[in-house]
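Coordinates from structure.cif are shown below (mmCIF, C-alpha atoms and all ligand atoms).
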```
data_final
#
loop_
_atom_site.label_atom_id
_atom_site.label_comp_id
_atom_site.auth_asym_id
_atom_site.auth_seq_id
_atom_site.Cartn_x
_atom_site.Cartn_y
_atom_site.Cartn_z
CA MET A 1 22.22 4.54 -10.62
CA ILE A 2 20.92 1.28 -9.15
CA VAL A 3 18.15 1.46 -6.53
CA LEU A 4 16.35 -1.37 -4.76
CA LYS A 5 12.65 -0.52 -4.35
CA LYS A 6 9.63 -2.20 -2.79
CA LEU A 7 5.90 -1.86 -3.44
CA ALA A 8 3.56 -1.53 -0.46
CA ASN A 9 2.90 -5.31 -0.61
CA GLY A 10 6.62 -6.07 -0.32
CA PHE A 11 7.14 -6.89 -4.02
CA ALA A 12 10.81 -6.00 -4.63
CA TYR A 13 12.42 -4.68 -7.78
CA ILE A 14 15.56 -2.93 -8.98
CA GLU A 15 15.40 0.37 -10.77
CA ILE A 16 18.29 1.36 -12.97
CA LYS A 17 19.16 4.46 -14.96
CA ASN A 18 22.29 5.14 -16.99
CA SER A 19 23.04 7.60 -19.79
CA SER A 20 21.54 5.36 -22.49
CA ALA A 21 18.49 3.69 -20.92
CA GLU A 22 16.37 2.94 -17.87
CA ALA A 23 14.91 -0.36 -16.66
CA LYS A 24 13.08 -2.07 -13.83
CA ILE A 25 13.73 -5.69 -12.86
CA ALA A 26 11.69 -7.66 -10.31
CA LEU A 27 13.47 -10.13 -8.03
CA GLN A 28 10.54 -12.46 -8.55
CA GLY A 29 11.24 -14.16 -11.86
CA ALA A 30 14.31 -11.92 -12.55
CA HIS A 31 11.58 -10.29 -14.58
CA ILE A 32 12.47 -7.16 -16.59
CA PHE A 33 9.21 -5.21 -16.69
CA HIS A 34 10.44 -1.87 -18.03
CA TYR A 35 13.11 -0.95 -20.55
CA ALA A 36 13.28 2.33 -22.43
CA ARG A 37 16.15 4.04 -24.22
CA VAL A 38 16.67 7.70 -23.33
CA GLY A 39 14.25 9.93 -25.25
CA GLU A 40 12.24 6.99 -26.63
CA GLU A 41 8.95 5.31 -25.82
CA PRO A 42 9.36 2.07 -23.80
CA ILE A 43 10.37 -0.93 -25.91
CA LEU A 44 8.71 -3.41 -23.53
CA TRP A 45 4.95 -3.53 -23.04
CA LEU A 46 3.52 -3.75 -19.53
CA SER A 47 -0.17 -4.29 -18.85
CA GLU A 48 -1.83 -1.36 -17.11
CA VAL A 49 -3.54 -3.89 -14.86
CA SER A 50 -0.65 -6.27 -14.23
CA ASP A 51 -0.47 -7.97 -10.87
CA PHE A 52 2.64 -7.31 -8.86
CA GLU A 53 1.99 -10.06 -6.38
CA VAL A 54 4.05 -12.81 -4.89
CA GLY A 55 3.53 -16.02 -6.88
CA LYS A 56 1.80 -14.36 -9.87
CA ALA A 57 3.58 -13.68 -13.16
CA ILE A 58 3.79 -10.04 -14.23
CA ARG A 59 1.80 -9.49 -17.44
CA GLY A 60 4.34 -7.82 -19.71
CA GLY A 61 8.08 -7.26 -19.88
CA VAL A 62 10.12 -10.46 -20.19
CA PRO A 63 8.81 -13.48 -18.26
CA VAL A 64 11.43 -16.24 -18.18
CA CYS A 65 9.69 -19.44 -19.29
CA TRP A 66 11.76 -22.32 -17.88
CA PRO A 67 12.30 -25.37 -17.60
CA TRP A 68 9.42 -25.92 -19.96
CA PHE A 69 7.73 -23.70 -22.48
CA GLY A 70 3.94 -23.98 -22.76
CA PHE A 71 2.12 -26.79 -21.03
CA ASN A 72 3.80 -29.61 -19.17
CA GLU A 73 2.57 -33.18 -19.76
CA ASP A 74 1.38 -32.95 -16.17
CA LYS A 75 -1.37 -30.33 -16.53
CA THR A 76 -1.38 -29.61 -12.80
CA LEU A 77 2.01 -27.90 -13.23
CA PRO A 78 2.17 -24.22 -14.19
CA GLN A 79 2.21 -23.18 -17.85
CA HIS A 80 5.69 -21.93 -18.92
CA GLY A 81 7.41 -23.49 -15.89
CA PHE A 82 8.18 -22.13 -12.45
CA ALA A 83 11.11 -19.72 -13.04
CA ARG A 84 8.89 -16.71 -13.78
CA THR A 85 7.20 -16.84 -10.39
CA ALA A 86 10.16 -18.01 -8.28
CA LEU A 87 12.18 -15.62 -6.15
CA TRP A 88 15.65 -15.33 -7.68
CA GLU A 89 18.82 -14.31 -5.88
CA PHE A 90 20.24 -10.95 -6.96
CA VAL A 91 23.93 -11.73 -7.34
CA GLY A 92 24.99 -8.18 -8.19
CA GLY A 93 25.01 -5.22 -10.53
CA ASP A 94 27.96 -3.60 -12.25
CA GLU A 95 28.03 -0.06 -13.63
CA VAL A 96 30.47 -0.94 -16.42
CA ASP A 97 30.57 2.59 -17.80
CA GLU A 98 28.13 5.51 -17.88
CA LYS A 99 26.17 3.86 -20.73
CA THR A 100 26.19 0.23 -19.62
CA THR A 101 24.98 -1.59 -16.52
CA THR A 102 24.93 -5.36 -16.06
CA PHE A 103 23.04 -7.50 -13.57
CA THR A 104 23.20 -11.15 -12.64
CA PHE A 105 20.39 -13.15 -11.04
CA ARG A 106 20.50 -16.78 -9.97
CA LEU A 107 17.99 -19.53 -9.26
CA THR A 108 18.75 -23.02 -8.05
CA TYR A 109 16.81 -26.12 -7.02
CA ASN A 110 15.01 -26.50 -3.72
CA GLU A 111 12.44 -28.87 -2.29
CA LYS A 112 9.61 -27.08 -4.12
CA THR A 113 11.29 -27.13 -7.56
CA LEU A 114 12.34 -30.78 -7.10
CA GLY A 115 8.67 -31.56 -6.47
CA MET A 116 7.77 -30.14 -9.89
CA TRP A 117 10.89 -31.00 -11.88
CA HIS A 118 13.16 -33.73 -10.49
CA TYR A 119 16.58 -32.30 -11.38
CA LYS A 120 19.26 -30.22 -9.72
CA PHE A 121 20.01 -27.11 -11.75
CA LEU A 122 21.64 -23.74 -11.66
CA LEU A 123 19.96 -21.01 -13.71
CA GLU A 124 21.64 -17.65 -14.22
CA LEU A 125 20.32 -14.61 -16.03
CA LYS A 126 22.75 -11.88 -17.03
CA ILE A 127 21.03 -8.69 -18.14
CA THR A 128 22.80 -5.81 -19.88
CA ILE A 129 21.06 -2.44 -19.91
CA SER A 130 22.53 -0.06 -22.49
CA ASP A 131 21.21 1.18 -25.84
CA LYS A 132 20.73 -2.56 -26.31
CA LEU A 133 18.87 -4.92 -23.99
CA ILE A 134 20.88 -8.14 -23.74
CA MET A 135 19.64 -11.24 -21.90
CA GLU A 136 21.80 -14.34 -21.40
CA LEU A 137 19.98 -17.22 -19.75
CA LYS A 138 22.46 -19.92 -18.73
CA THR A 139 21.28 -23.34 -17.58
CA THR A 140 23.82 -25.59 -15.87
CA ASN A 141 23.05 -29.22 -15.13
CA ILE A 142 24.33 -29.96 -11.61
CA ASP A 143 22.47 -33.28 -11.42
CA GLU A 144 23.94 -36.72 -12.05
CA ARG A 145 21.44 -37.31 -14.86
CA THR A 146 20.98 -35.72 -18.28
CA PHE A 147 17.95 -33.45 -18.55
CA LYS A 148 15.99 -31.74 -21.31
CA ILE A 149 14.62 -28.20 -21.18
CA SER A 150 12.46 -26.00 -23.33
CA GLN A 151 12.48 -22.28 -22.63
CA ALA A 152 11.68 -18.79 -23.86
CA LEU A 153 12.45 -15.17 -23.09
CA HIS A 154 8.77 -14.28 -23.50
CA THR A 155 9.30 -10.68 -24.60
CA TYR A 156 6.25 -8.39 -24.76
CA PHE A 157 6.90 -5.50 -27.16
CA SER A 158 5.00 -2.24 -27.02
CA VAL A 159 3.62 -1.19 -30.43
CA SER A 160 1.76 1.90 -31.68
CA HIS A 161 -1.11 -0.28 -32.98
CA ILE A 162 -1.06 -3.97 -33.87
CA SER A 163 -2.45 -3.15 -37.35
CA ASP A 164 0.63 -1.00 -38.09
CA VAL A 165 3.15 -3.71 -37.33
CA THR A 166 5.16 -5.99 -39.65
CA ILE A 167 7.55 -8.73 -38.59
CA LYS A 168 10.36 -9.44 -41.00
CA GLY A 169 12.99 -12.18 -41.02
CA LEU A 170 10.83 -15.32 -40.87
CA ASP A 171 9.91 -15.68 -44.55
CA ASN A 172 10.01 -19.36 -45.63
CA LYS A 173 10.50 -20.60 -42.05
CA PRO A 174 8.48 -23.63 -40.92
CA TYR A 175 6.24 -23.10 -37.93
CA LEU A 176 3.91 -25.00 -35.67
CA ASP A 177 0.56 -23.22 -35.50
CA ALA A 178 -0.45 -23.57 -31.85
CA LEU A 179 -4.08 -22.73 -32.74
CA THR A 180 -4.50 -25.69 -35.13
CA TRP A 181 -1.44 -27.83 -34.19
CA LYS A 182 -0.57 -27.98 -37.89
CA ASN A 183 2.86 -27.51 -39.40
CA GLU A 184 2.95 -24.61 -41.85
CA VAL A 185 5.51 -22.55 -43.75
CA GLN A 186 5.64 -18.75 -43.51
CA LYS A 187 5.07 -16.91 -46.76
CA GLY A 188 6.37 -13.32 -46.71
CA ASP A 189 6.34 -10.97 -43.72
CA ILE A 190 3.94 -11.33 -40.78
CA THR A 191 1.09 -8.87 -40.24
CA PHE A 192 -1.79 -9.16 -37.77
CA ASN A 193 -5.55 -9.23 -38.33
CA GLN A 194 -6.42 -12.19 -36.10
CA GLU A 195 -5.06 -14.28 -33.21
CA VAL A 196 -1.53 -15.51 -33.89
CA ASP A 197 0.23 -18.15 -31.78
CA ARG A 198 3.12 -19.82 -33.60
CA VAL A 199 6.41 -21.48 -32.86
CA TYR A 200 8.83 -20.77 -35.71
CA GLN A 201 11.67 -23.21 -36.31
CA GLU A 202 14.98 -22.97 -38.19
CA VAL A 203 15.29 -19.32 -37.19
CA ASP A 204 18.80 -18.31 -38.21
CA GLY A 205 18.87 -14.55 -38.64
CA GLU A 206 17.66 -11.35 -37.06
CA ILE A 207 13.95 -10.72 -36.61
CA ALA A 208 12.83 -7.14 -37.22
CA LEU A 209 9.72 -5.59 -35.70
CA SER A 210 8.74 -2.74 -37.94
CA ASP A 211 6.32 -0.25 -36.39
CA LYS A 212 5.04 3.14 -37.55
CA ASN A 213 7.98 5.15 -36.24
CA ARG A 214 10.73 2.67 -35.44
CA THR A 215 12.20 -0.74 -36.19
CA ILE A 216 13.42 -2.98 -33.40
CA HIS A 217 15.83 -5.84 -34.07
CA ILE A 218 15.95 -9.11 -32.19
CA LYS A 219 19.04 -11.26 -32.51
CA ASN A 220 19.01 -14.74 -30.96
CA GLU A 221 22.01 -16.94 -30.23
CA ASN A 222 22.02 -20.66 -29.36
CA SER A 223 18.41 -20.69 -30.47
CA SER A 224 16.67 -21.71 -33.67
CA SER A 225 13.07 -21.16 -32.53
CA ALA A 226 10.97 -18.09 -31.82
CA VAL A 227 7.37 -17.73 -30.70
CA ILE A 228 5.14 -15.04 -32.19
CA TRP A 229 1.98 -14.32 -30.24
CA ASN A 230 -0.90 -11.86 -30.18
CA PRO A 231 -4.11 -12.99 -28.45
CA TRP A 232 -6.40 -10.74 -30.50
CA ILE A 233 -9.89 -9.76 -29.28
CA GLU A 234 -11.53 -12.90 -27.88
CA LYS A 235 -8.53 -14.43 -26.09
CA CYS A 236 -7.46 -11.03 -24.77
CA GLY A 237 -10.90 -10.77 -23.13
CA ARG A 238 -10.23 -14.09 -21.34
CA MET A 239 -6.62 -13.43 -20.29
CA SER A 240 -5.66 -12.57 -16.73
CA ALA A 241 -4.28 -9.08 -16.01
CA MET A 242 -5.07 -7.73 -19.48
CA LYS A 243 -7.55 -5.02 -20.42
CA PRO A 244 -9.95 -6.01 -23.25
CA ASN A 245 -8.21 -3.77 -25.80
CA ALA A 246 -4.64 -4.57 -24.62
CA TYR A 247 -4.00 -6.76 -27.69
CA GLU A 248 -3.88 -3.56 -29.79
CA SER A 249 -0.72 -2.21 -28.17
CA MET A 250 1.41 -5.36 -27.69
CA LEU A 251 2.82 -8.42 -29.32
CA CYS A 252 5.28 -11.07 -28.22
CA ILE A 253 8.41 -12.16 -30.04
CA GLU A 254 9.99 -14.81 -27.87
CA PRO A 255 13.55 -16.04 -28.44
CA ALA A 256 13.27 -19.70 -27.51
CA ASN A 257 14.45 -23.27 -27.40
CA ALA A 258 11.02 -24.76 -27.93
CA PHE A 259 9.50 -27.88 -29.49
CA LEU A 260 12.06 -29.31 -32.00
CA ASP A 261 14.61 -26.87 -30.56
CA ALA A 262 14.34 -28.13 -26.94
CA ARG A 263 17.84 -28.80 -25.56
CA VAL A 264 19.39 -31.82 -23.88
CA ILE A 265 21.98 -30.87 -21.25
CA LYS A 266 24.37 -33.46 -19.83
CA PRO A 267 25.64 -33.41 -16.23
CA GLN A 268 28.11 -30.55 -15.57
CA LYS A 269 27.30 -29.00 -18.96
CA SER A 270 25.63 -25.64 -19.67
CA HIS A 271 23.53 -24.05 -22.36
CA THR A 272 23.03 -20.28 -22.80
CA LEU A 273 20.08 -18.78 -24.66
CA LYS A 274 21.02 -15.24 -25.64
CA ALA A 275 18.81 -12.47 -27.00
CA THR A 276 19.89 -8.99 -28.02
CA ILE A 277 17.23 -6.34 -28.60
CA PHE A 278 18.27 -3.10 -30.30
C1 LIG B 1 2.52 -17.55 -25.31
C2 LIG B 1 1.77 -18.75 -25.78
O1 LIG B 1 3.90 -17.79 -25.36
O2 LIG B 1 2.15 -17.24 -23.97
C3 LIG B 1 0.27 -18.47 -25.65
O3 LIG B 1 2.15 -19.04 -27.09
C4 LIG B 1 -0.07 -18.06 -24.24
O4 LIG B 1 -0.46 -19.62 -26.03
C5 LIG B 1 0.80 -16.89 -23.85
O5 LIG B 1 -1.45 -17.72 -24.15
C6 LIG B 1 0.56 -16.33 -22.44
O6 LIG B 1 0.68 -17.32 -21.48
P1 LIG B 1 0.43 -17.01 -19.94
O7 LIG B 1 0.67 -18.30 -19.21
O8 LIG B 1 1.42 -15.94 -19.54
O9 LIG B 1 -0.98 -16.51 -19.81
#
```
Give the structure from the file, written as structure tokens.
Ligand code: BG6
Amino acid sequence: MIVLKKLANGFAYIEIKNSSAEAKIALQGAHIFHYARVGEEPILWLSEVSDFEVGKAIRGGVPVCWPWFGFNEDKTLPQHGFARTALWEFVGGDEVDEKTTTFTFRLTYNEKTLGMWHYKFLLELKITISDKLIMELKTTNIDERTFKISQALHTYFSVSHISDVTIKGLDNKPYLDALTWKNEVQKGDITFNQEVDRVYQEVDGEIALSDKNRTIHIKNENSSSAVIWNPWIEKCGRMSAMKPNAYESMLCIEPANAFLDARVIKPQKSHTLKATIF
């Protein structure tokens, strides 16, 4: 079942239910802000006080960070790019079988995007809702010049309590610590007892998020970087659309092409960042 819904302020989203899962996807940002498998707690975290307003990124779910991840050299431009707050075109949905539904969204250049980023592009997001959540973000260069992008599927995961969580699969991987801007190497699994903001490089296998009662797997393709982020107490208190204790019930694992893994795309060529969550 696919239903187009609107909040009182006109904010539009698609609600979908099939026999394996349910999800909600906003047209602004092609932003998945709810995904739960039947009979399970939601896999994605959504802030209780998130804004659902035109031009403001939803706090939670999967913001699409594109065509740059983090800050731009020009600090007047929005952090994490403009795709997450742009209105995407809903190309269509397909109820493949009773367990699987796919959606395609599209974003292309206009006067406003050319003002921020001077290239002609076509960006397509294919989302599969089944017992897996699959996201395929395809960038096509339709300009005459080569361009470079960095990007992330900035996935907020819902966890029982941040102190109960372990991330496996990044042992021995180099990372850039975005709190100190130092290059480090991961030793063992990742647990949380302070702010963590890191861009892991050379990621070549599955990442596992082990919580009290379940383990979630994240498989990335055409990507060798992943961001791990939890704002912890002080930063959480400063963040927009987050309650002071929100850091306890969320963390981000973000399949990416960031920093050393940014991608150069030649005219008429494409690159697809793919993440499978199961
Ligand atoms: C993460 C960054 O990906 O996104 C953090 O590593 C940042 O540094 C976080 O604080 C949230 O960013 P924003 O723009 O959604 O508040």
Restrict the calculation to only C-alpha atoms and all ligand atoms, then for each residue of chain A with any atom at most 6 Å from an atom of ligand LIG 1 (chain B) give the closest atom pair and their distance in Å to one decimal, rows by chain and rising residue number, as a tab-separated table.
```
residue	atom	partner	partner_atom	distance
A:Gln79	CA	B:LIG1	O7	5.3
A:Asp197	CA	B:LIG1	O3	5.1
A:Trp229	CA	B:LIG1	O3	5.7
```
Inset, instruction - Pull the neighbourhood of (3.3, -19.5, -15.5) for me: all residues within 12 Å in file coordinates, counting all atoms listed in the file, as a ChimeraX atom specification. - result: /A:29,55-59,63-72,75-86,151-152,154,240
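By only C-alpha atoms, and with residues fewer than 6 positions from His118 of chain A along its chain excluded, the set lying at most 10 Å from it is Tyr109, Glu111, Lys112, Asp143 and Phe147 of chain A.
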Quick one: axis-aligned box around all listed atoms of segment 187-197 of chain A, 3 Å on every side, centre and edge lengths in Å to one decimal, written as JSON.
```
{"center_x": 0.0, "center_y": -13.5, "center_z": -39.3, "size_x": 18.8, "size_y": 15.3, "size_z": 21.0}
```
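For the pair atom CA of Leu133 of chain A and atom CA of Ser47 of chain A, the interatomic distance is 19.7 Å.
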Legend entry - Distance query Leu170 of chain A at most 12 Å, only C-alpha atoms, self and fewer than 4 positions along chain excluded, as a PyMOL selection string: chain A and resi 166+174-175+185-191+198-209+218+224-228+253
